[in-house]
$ cat work.txt   # compact mmCIF, C-alpha atoms and all ligand atoms
# COMPACT_ATOMS: atom_id res chain seq x y z
CA MET A 1 14.26 -3.53 5.35
CA ALA A 2 13.44 -0.88 2.77
CA MET A 3 10.43 -1.02 0.46
CA TYR A 4 9.03 1.34 -2.15
CA VAL A 5 5.46 1.15 -3.42
CA CYS A 6 4.35 3.18 -6.45
CA GLY A 7 1.56 5.41 -5.16
CA PRO A 8 -1.42 7.10 -6.78
CA THR A 9 -1.82 9.99 -9.20
CA VAL A 10 -4.27 12.19 -7.31
CA ASP A 11 -6.60 13.27 -10.11
CA ASN A 12 -9.71 11.30 -9.16
CA LEU A 13 -11.39 9.31 -6.39
CA PRO A 14 -9.47 6.14 -5.52
CA HIS A 15 -10.78 3.05 -7.34
CA MET A 16 -10.84 -0.61 -6.31
CA GLY A 17 -7.44 -1.32 -7.89
CA HIS A 18 -5.91 1.36 -5.63
CA GLY A 19 -7.58 -0.30 -2.66
CA ARG A 20 -6.09 -3.63 -3.59
CA PHE A 21 -2.49 -2.58 -4.08
CA THR A 22 -2.45 -0.53 -0.88
CA LEU A 23 -3.98 -3.43 1.07
CA VAL A 24 -1.60 -6.02 -0.41
CA TRP A 25 1.53 -4.02 0.44
CA ASP A 26 0.15 -2.90 3.79
CA ILE A 27 -0.31 -6.59 4.64
CA ALA A 28 3.27 -7.32 3.51
CA ARG A 29 4.62 -4.41 5.55
CA ARG A 30 2.67 -5.53 8.64
CA TRP A 31 3.86 -9.11 8.20
CA PHE A 32 7.54 -8.12 7.91
CA THR A 33 7.12 -5.92 11.01
CA PHE A 34 5.34 -8.72 12.90
CA GLN A 35 8.33 -10.94 12.19
CA GLY A 36 10.70 -8.43 13.79
CA LEU A 37 12.00 -6.53 10.75
CA SER A 38 12.29 -2.78 10.99
CA VAL A 39 10.54 -1.65 7.81
CA HIS A 40 11.13 1.65 6.02
CA TYR A 41 8.03 2.01 3.85
CA VAL A 42 7.95 4.68 1.16
CA SER A 43 5.04 5.37 -1.18
CA ASN A 44 4.82 8.40 -3.44
CA ILE A 45 2.08 10.81 -4.46
CA THR A 46 2.11 11.86 -8.13
CA ASP A 47 0.97 15.46 -7.94
CA ILE A 48 1.80 16.58 -11.49
CA ASP A 49 0.52 14.64 -14.49
CA ASP A 50 -1.49 14.94 -17.74
CA LYS A 51 -4.66 13.75 -16.00
CA ILE A 52 -4.36 16.33 -13.21
CA ILE A 53 -3.84 19.10 -15.78
CA ALA A 54 -6.77 17.83 -17.86
CA ARG A 55 -9.13 17.90 -14.87
CA ALA A 56 -7.95 21.37 -13.79
CA ASN A 57 -8.63 22.69 -17.30
CA ARG A 58 -11.98 20.92 -17.60
CA GLU A 59 -13.17 22.28 -14.26
CA SER A 60 -11.51 25.71 -14.54
CA ARG A 61 -9.53 25.32 -11.35
CA SER A 62 -5.87 25.14 -10.46
CA GLU A 63 -3.83 21.94 -10.52
CA ALA A 64 -2.97 22.55 -6.85
CA ASP A 65 -6.68 22.66 -6.01
CA VAL A 66 -7.31 19.33 -7.78
CA VAL A 67 -4.34 17.73 -5.99
CA THR A 68 -5.42 19.00 -2.55
CA GLN A 69 -8.94 17.63 -2.97
CA TYR A 70 -8.03 14.18 -4.27
CA GLU A 71 -5.08 13.69 -1.97
CA ALA A 72 -7.41 14.32 1.00
CA GLU A 73 -9.85 11.76 -0.48
CA TRP A 74 -6.96 9.33 -0.83
CA TRP A 75 -5.84 9.51 2.81
CA ASP A 76 -9.43 9.33 3.98
CA ALA A 77 -9.97 6.07 2.05
CA MET A 78 -6.65 4.67 3.33
CA ALA A 79 -7.58 5.39 6.95
CA ARG A 80 -10.92 3.64 6.47
CA LEU A 81 -9.20 0.63 4.89
CA GLY A 82 -6.87 0.45 7.89
CA VAL A 83 -3.85 0.99 5.63
CA ALA A 84 -1.08 2.40 7.82
CA VAL A 85 0.42 5.71 6.74
CA PRO A 86 3.80 5.21 4.96
CA ASP A 87 6.95 6.37 6.73
CA ASP A 88 7.56 8.72 3.81
CA THR A 89 5.16 9.98 1.15
CA PRO A 90 7.30 11.96 -1.29
CA HIS A 91 5.51 14.26 -3.74
CA ALA A 92 6.85 14.55 -7.29
CA THR A 93 6.80 18.36 -7.31
CA HIS A 94 9.15 18.41 -4.31
CA TYR A 95 11.81 16.57 -6.30
CA ILE A 96 11.97 18.62 -9.51
CA GLU A 97 15.53 19.82 -8.93
CA GLU A 98 16.86 16.27 -8.46
CA MET A 99 14.98 15.07 -11.55
CA VAL A 100 16.36 17.93 -13.67
CA GLU A 101 19.86 17.01 -12.51
CA LEU A 102 19.40 13.35 -13.49
CA ILE A 103 17.96 14.22 -16.91
CA ALA A 104 20.81 16.69 -17.57
CA SER A 105 23.35 13.96 -16.78
CA PHE A 106 21.58 11.60 -19.22
CA LEU A 107 21.72 14.24 -21.98
CA GLU A 108 25.41 14.81 -21.28
CA ARG A 109 26.14 11.12 -21.74
CA ASP A 110 23.85 10.64 -24.76
CA VAL A 111 21.58 8.28 -22.88
CA ALA A 112 18.79 10.74 -23.63
CA TYR A 113 17.97 13.11 -26.50
CA THR A 114 15.75 16.12 -27.05
CA THR A 115 12.85 16.43 -29.49
CA SER A 116 10.52 19.33 -30.15
CA ASP A 117 8.25 18.31 -27.25
CA GLY A 118 10.68 17.19 -24.58
CA VAL A 119 13.52 14.91 -23.53
CA TYR A 120 13.41 11.15 -24.19
CA PHE A 121 15.36 8.25 -22.77
CA ASP A 122 17.11 6.19 -25.46
CA VAL A 123 16.33 2.58 -24.50
CA SER A 124 18.96 1.26 -26.93
CA SER A 125 21.60 2.76 -24.60
CA VAL A 126 20.79 0.07 -22.02
CA PRO A 127 21.77 -3.41 -23.25
CA ASP A 128 19.23 -5.35 -21.17
CA TYR A 129 16.13 -3.20 -21.79
CA GLY A 130 13.01 -5.35 -21.33
CA LEU A 131 14.53 -7.55 -18.61
CA LEU A 132 11.71 -6.95 -16.14
CA ALA A 133 9.01 -7.52 -18.75
CA GLY A 134 10.49 -10.94 -19.46
CA GLN A 135 9.68 -10.61 -23.15
CA PRO A 136 11.95 -10.24 -26.17
CA LEU A 137 12.60 -6.67 -27.23
CA GLU A 138 10.95 -7.28 -30.61
CA SER A 139 7.58 -8.16 -29.10
CA LEU A 140 7.78 -5.19 -26.73
CA ARG A 141 8.51 -2.93 -29.68
CA ALA A 142 5.55 -4.35 -31.60
CA GLY A 143 3.32 -3.85 -28.57
CA ALA A 144 4.48 -0.30 -27.82
CA ARG A 145 1.75 2.25 -28.20
CA VAL A 146 2.11 4.47 -31.23
CA GLU A 147 2.32 8.00 -29.96
CA GLY A 148 2.07 11.30 -31.80
CA ASN A 149 5.78 12.01 -31.67
CA ASP A 150 7.57 10.59 -34.73
CA GLU A 151 10.84 12.21 -33.68
CA LYS A 152 11.36 9.36 -31.24
CA ARG A 153 14.17 7.01 -32.24
CA SER A 154 12.23 3.99 -31.01
CA PRO A 155 8.59 3.63 -29.97
CA LEU A 156 9.91 2.26 -26.65
CA ASP A 157 11.80 5.47 -25.81
CA PHE A 158 10.00 7.28 -23.03
CA ALA A 159 9.58 10.88 -21.93
CA LEU A 160 11.82 12.09 -19.13
CA TRP A 161 10.70 15.69 -19.49
CA LYS A 162 7.73 17.32 -21.22
CA ASN A 163 8.29 20.81 -22.57
CA ALA A 164 6.07 23.57 -21.16
CA LYS A 165 2.81 24.25 -22.97
CA PRO A 166 0.85 27.49 -22.49
CA GLY A 167 -1.31 27.41 -19.37
CA GLU A 168 0.39 24.35 -17.88
CA PRO A 169 2.51 24.30 -14.72
CA SER A 170 6.22 24.20 -15.53
CA TRP A 171 9.63 24.40 -13.90
CA PRO A 172 12.86 25.84 -15.31
CA ALA A 173 15.55 23.49 -16.63
CA PRO A 174 18.74 23.94 -18.67
CA PHE A 175 17.13 21.90 -21.49
CA GLY A 176 13.96 24.04 -21.49
CA ALA A 177 11.13 24.74 -19.04
CA GLY A 178 8.67 21.92 -18.55
CA ARG A 179 7.61 19.15 -16.19
CA PRO A 180 8.94 15.70 -15.39
CA GLY A 181 7.72 12.41 -16.85
CA TRP A 182 6.18 9.91 -14.46
CA HIS A 183 8.93 7.25 -14.76
CA THR A 184 11.62 9.67 -13.56
CA GLU A 185 9.87 10.65 -10.37
CA CYS A 186 9.89 7.22 -8.71
CA VAL A 187 13.51 6.42 -9.48
CA VAL A 188 14.70 9.73 -8.03
CA MET A 189 12.51 9.57 -4.90
CA ALA A 190 13.20 5.88 -4.17
CA LEU A 191 16.98 6.42 -4.37
CA ASP A 192 16.82 9.59 -2.31
CA LEU A 193 14.79 8.10 0.54
CA LEU A 194 15.90 4.45 0.53
CA GLY A 195 19.39 4.65 -0.97
CA GLU A 196 20.89 2.24 -3.50
CA ASP A 197 20.15 -1.50 -3.51
CA PHE A 198 16.98 -1.23 -1.45
CA ASP A 199 15.13 -4.47 -0.73
CA LEU A 200 11.76 -4.42 -2.42
CA HIS A 201 9.95 -2.43 -5.09
CA CYS A 202 6.23 -3.10 -5.36
CA GLY A 203 3.22 -2.08 -7.37
CA GLY A 204 0.32 -3.33 -9.43
CA LEU A 205 0.97 -5.77 -12.28
CA ASP A 206 0.11 -3.01 -14.76
CA LEU A 207 3.24 -1.14 -13.59
CA LYS A 208 5.66 -3.99 -14.33
CA PHE A 209 6.10 -2.80 -17.88
CA PRO A 210 6.85 -0.15 -18.88
CA HIS A 211 6.82 1.89 -15.63
CA HIS A 212 9.04 -0.30 -13.47
CA GLU A 213 11.31 -1.27 -16.33
CA ASN A 214 11.74 2.41 -17.16
CA GLU A 215 12.61 3.15 -13.53
CA ARG A 216 15.10 0.29 -13.49
CA VAL A 217 16.95 1.32 -16.66
CA GLN A 218 17.26 4.92 -15.48
CA ALA A 219 18.97 3.71 -12.30
CA GLU A 220 21.18 1.47 -14.46
CA ALA A 221 22.04 4.36 -16.77
CA ALA A 222 22.86 6.47 -13.69
CA HIS A 223 25.15 3.64 -12.45
CA LYS A 224 23.11 3.27 -9.27
CA GLY A 225 22.11 0.03 -7.59
CA PHE A 226 18.29 -0.13 -7.53
CA ALA A 227 15.62 -2.53 -6.20
CA ARG A 228 16.98 -5.98 -5.31
CA HIS A 229 13.52 -7.56 -5.63
CA TRP A 230 10.34 -6.66 -7.48
CA ALA A 231 6.84 -7.79 -6.59
CA HIS A 232 3.58 -7.12 -8.42
CA ASN A 233 -0.01 -7.64 -7.33
CA GLY A 234 -2.80 -8.91 -9.56
CA TRP A 235 -5.80 -7.12 -11.07
CA VAL A 236 -9.20 -6.43 -9.62
CA MET A 237 -11.84 -8.00 -11.87
CA VAL A 238 -15.48 -7.14 -12.15
CA GLY A 239 -17.40 -9.80 -14.00
CA GLY A 240 -14.16 -11.04 -15.57
CA VAL A 241 -13.03 -7.61 -16.82
CA LYS A 242 -10.03 -5.76 -15.42
CA MET A 243 -11.10 -2.73 -13.42
CA SER A 244 -9.40 0.54 -14.17
CA THR A 245 -10.26 4.15 -14.79
CA SER A 246 -9.21 3.96 -18.43
CA LEU A 247 -11.59 1.07 -19.18
CA ASN A 248 -14.46 3.16 -17.86
CA ASN A 249 -15.70 0.49 -15.46
CA PHE A 250 -14.59 2.74 -12.63
CA THR A 251 -16.29 2.09 -9.32
CA SER A 252 -15.08 4.26 -6.53
CA LEU A 253 -13.48 2.69 -3.53
CA THR A 254 -15.14 5.39 -1.43
CA ASP A 255 -18.51 4.04 -2.54
CA LEU A 256 -17.60 0.50 -1.44
CA LEU A 257 -16.27 1.73 1.89
CA GLU A 258 -19.48 3.60 2.58
CA LYS A 259 -21.76 0.66 1.82
CA THR A 260 -19.83 -2.20 3.42
CA ASP A 261 -17.67 -3.05 6.42
CA PRO A 262 -14.27 -1.75 5.20
CA ARG A 263 -12.61 -4.85 6.65
CA ALA A 264 -14.48 -6.98 4.10
CA TYR A 265 -12.27 -5.73 1.27
CA ARG A 266 -9.13 -6.57 3.28
CA LEU A 267 -10.42 -10.06 3.95
CA LEU A 268 -11.27 -10.50 0.27
CA VAL A 269 -7.74 -9.43 -0.64
CA LEU A 270 -6.28 -11.80 1.98
CA ARG A 271 -8.28 -14.72 0.63
CA SER A 272 -6.51 -14.53 -2.74
CA HIS A 273 -2.82 -14.80 -3.41
CA TYR A 274 -1.45 -11.31 -4.05
CA ARG A 275 -0.38 -12.24 -7.58
CA SER A 276 -3.81 -13.62 -8.55
CA PRO A 277 -6.70 -11.55 -9.85
CA ILE A 278 -9.63 -10.98 -7.49
CA GLU A 279 -13.31 -10.58 -8.19
CA VAL A 280 -15.05 -7.78 -6.32
CA THR A 281 -18.79 -8.29 -6.55
CA PRO A 282 -21.63 -7.83 -4.05
CA SER A 283 -21.56 -11.59 -3.45
CA THR A 284 -17.80 -11.90 -2.77
CA ILE A 285 -18.02 -8.90 -0.41
CA ALA A 286 -21.09 -10.35 1.37
CA ASP A 287 -19.24 -13.63 1.75
CA ALA A 288 -16.32 -11.81 3.37
CA GLU A 289 -18.71 -10.00 5.70
CA ARG A 290 -20.18 -13.32 6.85
CA ALA A 291 -16.68 -14.57 7.66
CA LEU A 292 -16.04 -11.37 9.61
CA ASP A 293 -19.14 -12.10 11.68
CA ARG A 294 -17.54 -15.37 12.78
CA LEU A 295 -14.38 -13.50 13.73
CA ASP A 296 -16.34 -10.86 15.64
CA SER A 297 -18.30 -13.53 17.52
CA LEU A 298 -15.01 -15.04 18.62
CA ALA A 299 -13.81 -11.59 19.73
CA ARG A 300 -16.98 -11.13 21.80
CA ARG A 301 -16.92 -14.61 23.29
CA PHE A 302 -13.31 -14.33 24.46
CA GLU A 303 -13.24 -10.53 24.96
CA LEU A 304 -10.30 -10.16 22.63
CA PRO A 305 -8.52 -6.78 22.55
CA VAL A 306 -9.50 -4.33 19.83
CA MET A 307 -6.70 -2.67 17.88
CA GLY A 308 -6.72 0.34 15.56
CA GLY A 309 -5.37 0.83 12.03
CA GLU A 310 -1.99 2.33 12.95
CA TYR A 311 -1.28 -0.40 15.50
CA PHE A 312 1.39 -2.91 14.40
CA GLU A 313 1.18 -6.40 15.90
CA LEU A 314 4.54 -7.96 16.89
CA ALA A 315 5.16 -11.71 17.22
CA SER A 316 7.55 -11.02 20.10
CA SER A 317 4.75 -9.46 22.18
CA HIS A 318 2.99 -12.81 22.58
CA ASP A 319 3.69 -16.08 24.33
CA TRP A 320 3.17 -18.85 21.80
CA GLU A 321 2.48 -22.15 23.55
CA ASP A 322 0.90 -25.51 22.71
CA GLU A 323 -1.92 -25.09 20.16
CA SER A 324 -1.03 -21.41 19.79
CA LEU A 325 2.55 -22.25 18.94
CA GLU A 326 1.44 -24.85 16.41
CA LEU A 327 -0.92 -22.36 14.78
CA TYR A 328 1.77 -19.66 14.80
CA GLU A 329 4.26 -21.98 13.11
CA ARG A 330 1.77 -23.08 10.46
CA VAL A 331 0.90 -19.46 9.63
CA VAL A 332 4.55 -18.39 9.58
CA THR A 333 5.39 -21.26 7.21
CA VAL A 334 2.74 -20.34 4.64
CA MET A 335 3.20 -16.58 4.95
CA ASN A 336 6.95 -16.84 4.50
CA ASP A 337 6.35 -18.81 1.31
CA ASP A 338 5.69 -15.79 -0.93
CA LEU A 339 2.98 -14.38 1.39
CA ASN A 340 0.47 -17.16 0.97
CA THR A 341 -2.37 -15.28 2.70
CA PRO A 342 -5.20 -17.59 1.49
CA LEU A 343 -3.62 -20.54 3.30
CA ALA A 344 -2.89 -18.40 6.37
CA VAL A 345 -6.52 -17.24 6.53
CA ALA A 346 -7.75 -20.82 6.12
CA GLU A 347 -5.52 -21.89 9.05
CA LEU A 348 -6.87 -19.05 11.17
CA PHE A 349 -10.53 -19.87 10.48
CA ASP A 350 -9.86 -23.54 11.28
CA ALA A 351 -8.26 -22.47 14.55
CA LEU A 352 -11.23 -20.22 15.24
CA SER A 353 -13.56 -23.24 14.98
CA SER A 354 -11.22 -25.23 17.25
CA ALA A 355 -11.18 -22.48 19.89
CA ASN A 356 -15.00 -22.43 19.93
CA ALA A 357 -15.15 -26.24 20.13
CA MET A 358 -12.61 -26.32 22.98
CA ALA A 359 -14.62 -23.74 24.94
CA ASP A 360 -17.84 -25.71 24.29
CA GLU A 361 -16.14 -28.76 25.81
CA GLY A 362 -15.17 -26.76 28.90
CA HIS A 363 -11.46 -26.25 28.14
CA GLU A 364 -11.79 -22.55 28.82
CA ALA A 365 -8.12 -21.62 29.40
CA SER A 366 -6.67 -23.28 26.33
CA ALA A 367 -9.61 -22.10 24.20
CA ARG A 368 -8.90 -18.54 25.30
CA ARG A 369 -5.19 -18.86 24.52
CA LEU A 370 -5.95 -20.13 21.04
CA ALA A 371 -8.57 -17.43 20.44
CA GLN A 372 -6.09 -14.76 21.50
CA SER A 373 -3.56 -16.14 19.03
CA VAL A 374 -6.15 -16.10 16.24
CA GLY A 375 -6.84 -12.43 17.07
CA ALA A 376 -3.14 -11.56 17.18
CA LEU A 377 -2.40 -13.31 13.87
CA PHE A 378 -5.33 -11.61 12.14
CA GLY A 379 -3.94 -8.40 13.63
CA ALA A 380 -0.57 -9.20 12.04
CA LEU A 381 -2.40 -9.17 8.69
CA GLY A 382 -4.03 -5.85 9.56
CA LEU A 383 -7.49 -7.28 10.12
CA SER A 384 -8.86 -5.75 13.30
CA LEU A 385 -11.54 -7.25 15.48
CA LEU A 386 -14.85 -5.72 16.28
CA ALA A 387 -15.68 -6.57 19.87
CA GLY A 388 -19.43 -6.18 20.26
CA SER A 389 -20.62 -3.48 17.92
CA HIS A 390 -17.83 -1.12 18.96
CA VAL A 391 -15.21 0.03 16.53
CA VAL A 392 -12.28 2.01 17.83
CA ASP A 393 -13.12 5.50 16.64
CA GLU A 394 -10.53 8.02 15.48
CA VAL A 395 -10.48 10.00 18.74
CA THR A 396 -9.91 6.82 20.77
CA GLU A 397 -7.19 5.70 18.39
CA ARG A 398 -5.45 9.07 18.74
CA LEU A 399 -5.67 8.91 22.55
CA VAL A 400 -4.21 5.39 22.51
CA LEU A 401 -1.28 6.49 20.33
CA GLN A 402 -0.70 9.58 22.50
CA ARG A 403 -0.73 7.44 25.65
CA ASP A 404 1.78 5.00 24.12
CA ALA A 405 4.02 7.93 23.22
CA ALA A 406 3.73 9.36 26.74
CA ARG A 407 4.61 5.98 28.27
CA LEU A 408 7.60 5.60 25.95
CA ALA A 409 8.78 9.04 27.12
CA LYS A 410 8.15 7.95 30.73
CA ASN A 411 5.74 10.84 31.06
CA TRP A 412 3.51 9.08 33.60
CA ALA A 413 1.33 12.08 34.43
CA ASP A 414 0.21 12.42 30.80
CA ALA A 415 -0.16 8.65 30.45
CA ASP A 416 -2.49 8.58 33.48
CA ARG A 417 -4.47 11.56 32.26
CA LEU A 418 -4.94 9.87 28.83
CA ARG A 419 -5.99 6.63 30.54
CA ASP A 420 -8.63 8.55 32.52
CA GLU A 421 -9.86 10.15 29.33
CA LEU A 422 -10.21 6.73 27.66
CA VAL A 423 -12.04 5.35 30.70
CA GLN A 424 -14.41 8.32 30.58
CA ARG A 425 -15.14 7.42 26.98
CA GLY A 426 -16.29 4.02 28.21
CA TRP A 427 -13.22 1.86 27.50
CA ILE A 428 -11.46 -0.67 29.68
CA VAL A 429 -7.78 0.20 29.35
CA GLU A 430 -5.06 -2.43 29.63
CA ASP A 431 -1.29 -2.24 29.27
CA GLY A 432 -0.41 -4.86 26.66
CA ALA A 433 3.16 -5.89 25.95
CA SER A 434 3.25 -3.68 22.87
CA GLY A 435 1.16 -0.78 24.15
CA THR A 436 -2.26 0.35 25.25
CA VAL A 437 -5.12 -2.03 24.57
CA VAL A 438 -8.74 -0.90 24.84
CA ARG A 439 -11.91 -2.95 24.97
CA ARG A 440 -15.51 -2.41 25.89
CA PRO A 441 -16.76 -3.62 29.31
ZN ZN B 501 6.54 4.31 -9.66
$ encode --input "work.txt" --output "structure tokens" --more "lines below"
Ligand SMILES: [Zn+2]
Amino acid sequence: MAMYVCGPTVDNLPHMGHGRFTLVWDIARRWFTFQGLSVHYVSNITDIDDKIIARANRESRSEADVVTQYEAEWWDAMARLGVAVPDDTPHATHYIEEMVELIASFLERDVAYTTSDGVYFDVSSVPDYGLLAGQPLESLRAGARVEGNDEKRSPLDFALWKNAKPGEPSWPAPFGAGRPGWHTECVVMALDLLGEDFDLHCGGLDLKFPHHENERVQAEAAHKGFARHWAHNGWVMVGGVKMSTSLNNFTSLTDLLEKTDPRAYRLLVLRSHYRSPIEVTPSTIADAERALDRLDSLARRFELPVMGGEYFELASSHDWEDESLELYERVVTVMNDDLNTPLAVAELFDALSSANAMADEGHEASARRLAQSVGALFGALGLSLLAGSHVVDEVTERLVLQRDAARLAKNWADADRLRDELVQRGWIVEDGASGTVVRRP
């Protein structure tokens, strides 16, 4: 299955909203993979944009310098959140040629027109404009932001290309040097990497209109099949107010990750439906941390395996029997009903209590089986366990991945050497059905 998630503009530290959308779609990706689908996951990096240029000017540095810094911050935050790296992370500036070609074809067919400051898409050329917003065109028109350019034929027309201004980065084009508009980048990169009629296009609710609609109509105008399904995640609220950079209630995700167990944010995200808003406050985070303590106690009691962020759990790697099978089926049922993670998490915490109760009553073997299933199903949602106070550090995680690669290549000498290295670092190394598993003695 092929999915595209609109990624960040790297002009600032990632905020909580970024954390949420990456977690939500990471959870979806992991769940599809767990169920046996082979997922092609693409998420872009917007590396040219008004905000990047503004920061470069403000701080007297180059745009490239700004992008390098904040993209590094981005990947650092993603690694700490346990968000797996996408299969492809296209950068807008690597696709200029393809975007210029698309815009030129729109101009040729009168789907777009030029003004003194750039090239605009004529939304009246697409009969069903507004489809994704689910609102009548009139109300969209009334709600459209009034911009400086009165040469636009309709306030809903959007910029495909912005003409070069002095001191700004620009690229040559037959319709004048400049840089691409944001809506054009995603449509070009998604079609290039995933092909037509790909399965799922995701992003935050704020992207539904106009960004996603503007992507969709460009594909339509280019006579290309585009996303077959769209999915949007809800806001992050702080004291009832939507959190975003533009509203100035910016709280950096980096700050949260430094002060709390990074898994707490994932659990908080899991405990709400992806389409609902969530509240991130010290008390909701503390509540999630208390729940994680229960999970970690279970991991310690039953010595459950510890998995890293790039590890993908697979349903087919486990034997589901008796209580485990019942739990598995209940979780599959709710997850496959529009990813109902709050119900799945509730099932898992109930099962966690049952496993403890069964062990207390002396049913050690079945308690262990159930506990292992709870661990595996949390793993399917990307929530790793913390056996004892030991987290799998980056070096260990790299050694585990290298050993799995060596075993896949039947390079036994390297696999043994990597096992020895892990043992020297104090880990017990086991060969699980889906790869190397490490735990503390
Ligand atoms: Zn996009």
$ residues_near_ligand --input "work.txt" --ligand "ligand ZN 501 (chain B)" --cutoff "12 Å" --atoms "only C-alpha atoms and all ligand atoms" --output "PDB file with C-alpha atoms, in the frame of the given file"
ATOM      1  CA  TYR A   4       9.030   1.340  -2.150  1.00  0.00           C
ATOM      2  CA  VAL A   5       5.460   1.150  -3.420  1.00  0.00           C
ATOM      3  CA  CYS A   6       4.350   3.180  -6.450  1.00  0.00           C
ATOM      4  CA  GLY A   7       1.560   5.410  -5.160  1.00  0.00           C
ATOM      5  CA  PRO A   8      -1.420   7.100  -6.780  1.00  0.00           C
ATOM      6  CA  THR A   9      -1.820   9.990  -9.200  1.00  0.00           C
ATOM      7  CA  VAL A  42       7.950   4.680   1.160  1.00  0.00           C
ATOM      8  CA  SER A  43       5.040   5.370  -1.180  1.00  0.00           C
ATOM      9  CA  ASN A  44       4.820   8.400  -3.440  1.00  0.00           C
ATOM     10  CA  ILE A  45       2.080  10.810  -4.460  1.00  0.00           C
ATOM     11  CA  THR A  46       2.110  11.860  -8.130  1.00  0.00           C
ATOM     12  CA  PRO A  90       7.300  11.960  -1.290  1.00  0.00           C
ATOM     13  CA  HIS A  91       5.510  14.260  -3.740  1.00  0.00           C
ATOM     14  CA  ALA A  92       6.850  14.550  -7.290  1.00  0.00           C
ATOM     15  CA  GLY A 181       7.720  12.410 -16.850  1.00  0.00           C
ATOM     16  CA  TRP A 182       6.180   9.910 -14.460  1.00  0.00           C
ATOM     17  CA  HIS A 183       8.930   7.250 -14.760  1.00  0.00           C
ATOM     18  CA  THR A 184      11.620   9.670 -13.560  1.00  0.00           C
ATOM     19  CA  GLU A 185       9.870  10.650 -10.370  1.00  0.00           C
ATOM     20  CA  CYS A 186       9.890   7.220  -8.710  1.00  0.00           C
ATOM     21  CA  VAL A 187      13.510   6.420  -9.480  1.00  0.00           C
ATOM     22  CA  VAL A 188      14.700   9.730  -8.030  1.00  0.00           C
ATOM     23  CA  MET A 189      12.510   9.570  -4.900  1.00  0.00           C
ATOM     24  CA  ALA A 190      13.200   5.880  -4.170  1.00  0.00           C
ATOM     25  CA  LEU A 191      16.980   6.420  -4.370  1.00  0.00           C
ATOM     26  CA  HIS A 201       9.950  -2.430  -5.090  1.00  0.00           C
ATOM     27  CA  CYS A 202       6.230  -3.100  -5.360  1.00  0.00           C
ATOM     28  CA  GLY A 203       3.220  -2.080  -7.370  1.00  0.00           C
ATOM     29  CA  GLY A 204       0.320  -3.330  -9.430  1.00  0.00           C
ATOM     30  CA  LEU A 205       0.970  -5.770 -12.280  1.00  0.00           C
ATOM     31  CA  ASP A 206       0.110  -3.010 -14.760  1.00  0.00           C
ATOM     32  CA  LEU A 207       3.240  -1.140 -13.590  1.00  0.00           C
ATOM     33  CA  LYS A 208       5.660  -3.990 -14.330  1.00  0.00           C
ATOM     34  CA  PHE A 209       6.100  -2.800 -17.880  1.00  0.00           C
ATOM     35  CA  PRO A 210       6.850  -0.150 -18.880  1.00  0.00           C
ATOM     36  CA  HIS A 211       6.820   1.890 -15.630  1.00  0.00           C
ATOM     37  CA  HIS A 212       9.040  -0.300 -13.470  1.00  0.00           C
ATOM     38  CA  GLU A 213      11.310  -1.270 -16.330  1.00  0.00           C
ATOM     39  CA  ASN A 214      11.740   2.410 -17.160  1.00  0.00           C
ATOM     40  CA  GLU A 215      12.610   3.150 -13.530  1.00  0.00           C
ATOM     41  CA  ARG A 216      15.100   0.290 -13.490  1.00  0.00           C
ATOM     42  CA  ALA A 227      15.620  -2.530  -6.200  1.00  0.00           C
ATOM     43  CA  TRP A 230      10.340  -6.660  -7.480  1.00  0.00           C
ATOM     44  CA  HIS A 232       3.580  -7.120  -8.420  1.00  0.00           C
TER      45      HIS A 232
END
$ atom_distance --input "work.txt" --atom1 "CA of Leu200 in chain A" --atom2 "CA of Phe32 in chain A"
11.8 Å
$ atom_distance --input "work.txt" --atom1 "CA of Ser316 in chain A" --atom2 "CA of Ala409 in chain A"
21.3 Å
$ atom_distance --input "work.txt" --atom1 "CA of Thr260 in chain A" --atom2 "CA of Ala351 in chain A"
25.9 Å
$ closest_residue --input "work.txt" --among "A:Leu304, A:Ala142, A:Ile103, A:Met16" --to "Ala219 in chain A" --atoms "only C-alpha atoms"
A:Ile103
$ residues_near_point --input "work.txt" --point "(7.9, 4.9, 4.9)" --cutoff "10 Å" --atoms "all atoms listed in the file" --output "PyMOL selection string"
chain A and resi 2-5+29+39-44+84-90+193-194
$ closest_residue --input "work.txt" --among "A:Leu314, A:Met78, A:Met237, A:Leu256" --to "Ser38 in chain A" --atoms "only C-alpha atoms"
A:Leu314
$ decode --input "work.txt" --residues "range 48-61 of chain A" --atoms "C-alpha atoms" --output "tab-separated table (two decimals), in the first residue's frame"
chain	number	residue	atom	x	y	z
A	48	ILE	CA	11.94	26.47	0.23
A	49	ASP	CA	9.20	28.73	1.59
A	50	ASP	CA	8.41	32.32	2.67
A	51	LYS	CA	9.09	31.46	6.32
A	52	ILE	CA	12.52	29.97	5.56
A	53	ILE	CA	13.46	33.06	3.53
A	54	ALA	CA	12.16	35.35	6.28
A	55	ARG	CA	14.28	33.64	8.94
A	56	ALA	CA	17.39	33.64	6.71
A	57	ASN	CA	16.97	37.39	6.16
A	58	ARG	CA	16.23	38.11	9.82
A	59	GLU	CA	19.30	36.19	10.98
A	60	SER	CA	21.59	37.19	8.09
A	61	ARG	CA	22.28	33.63	7.05
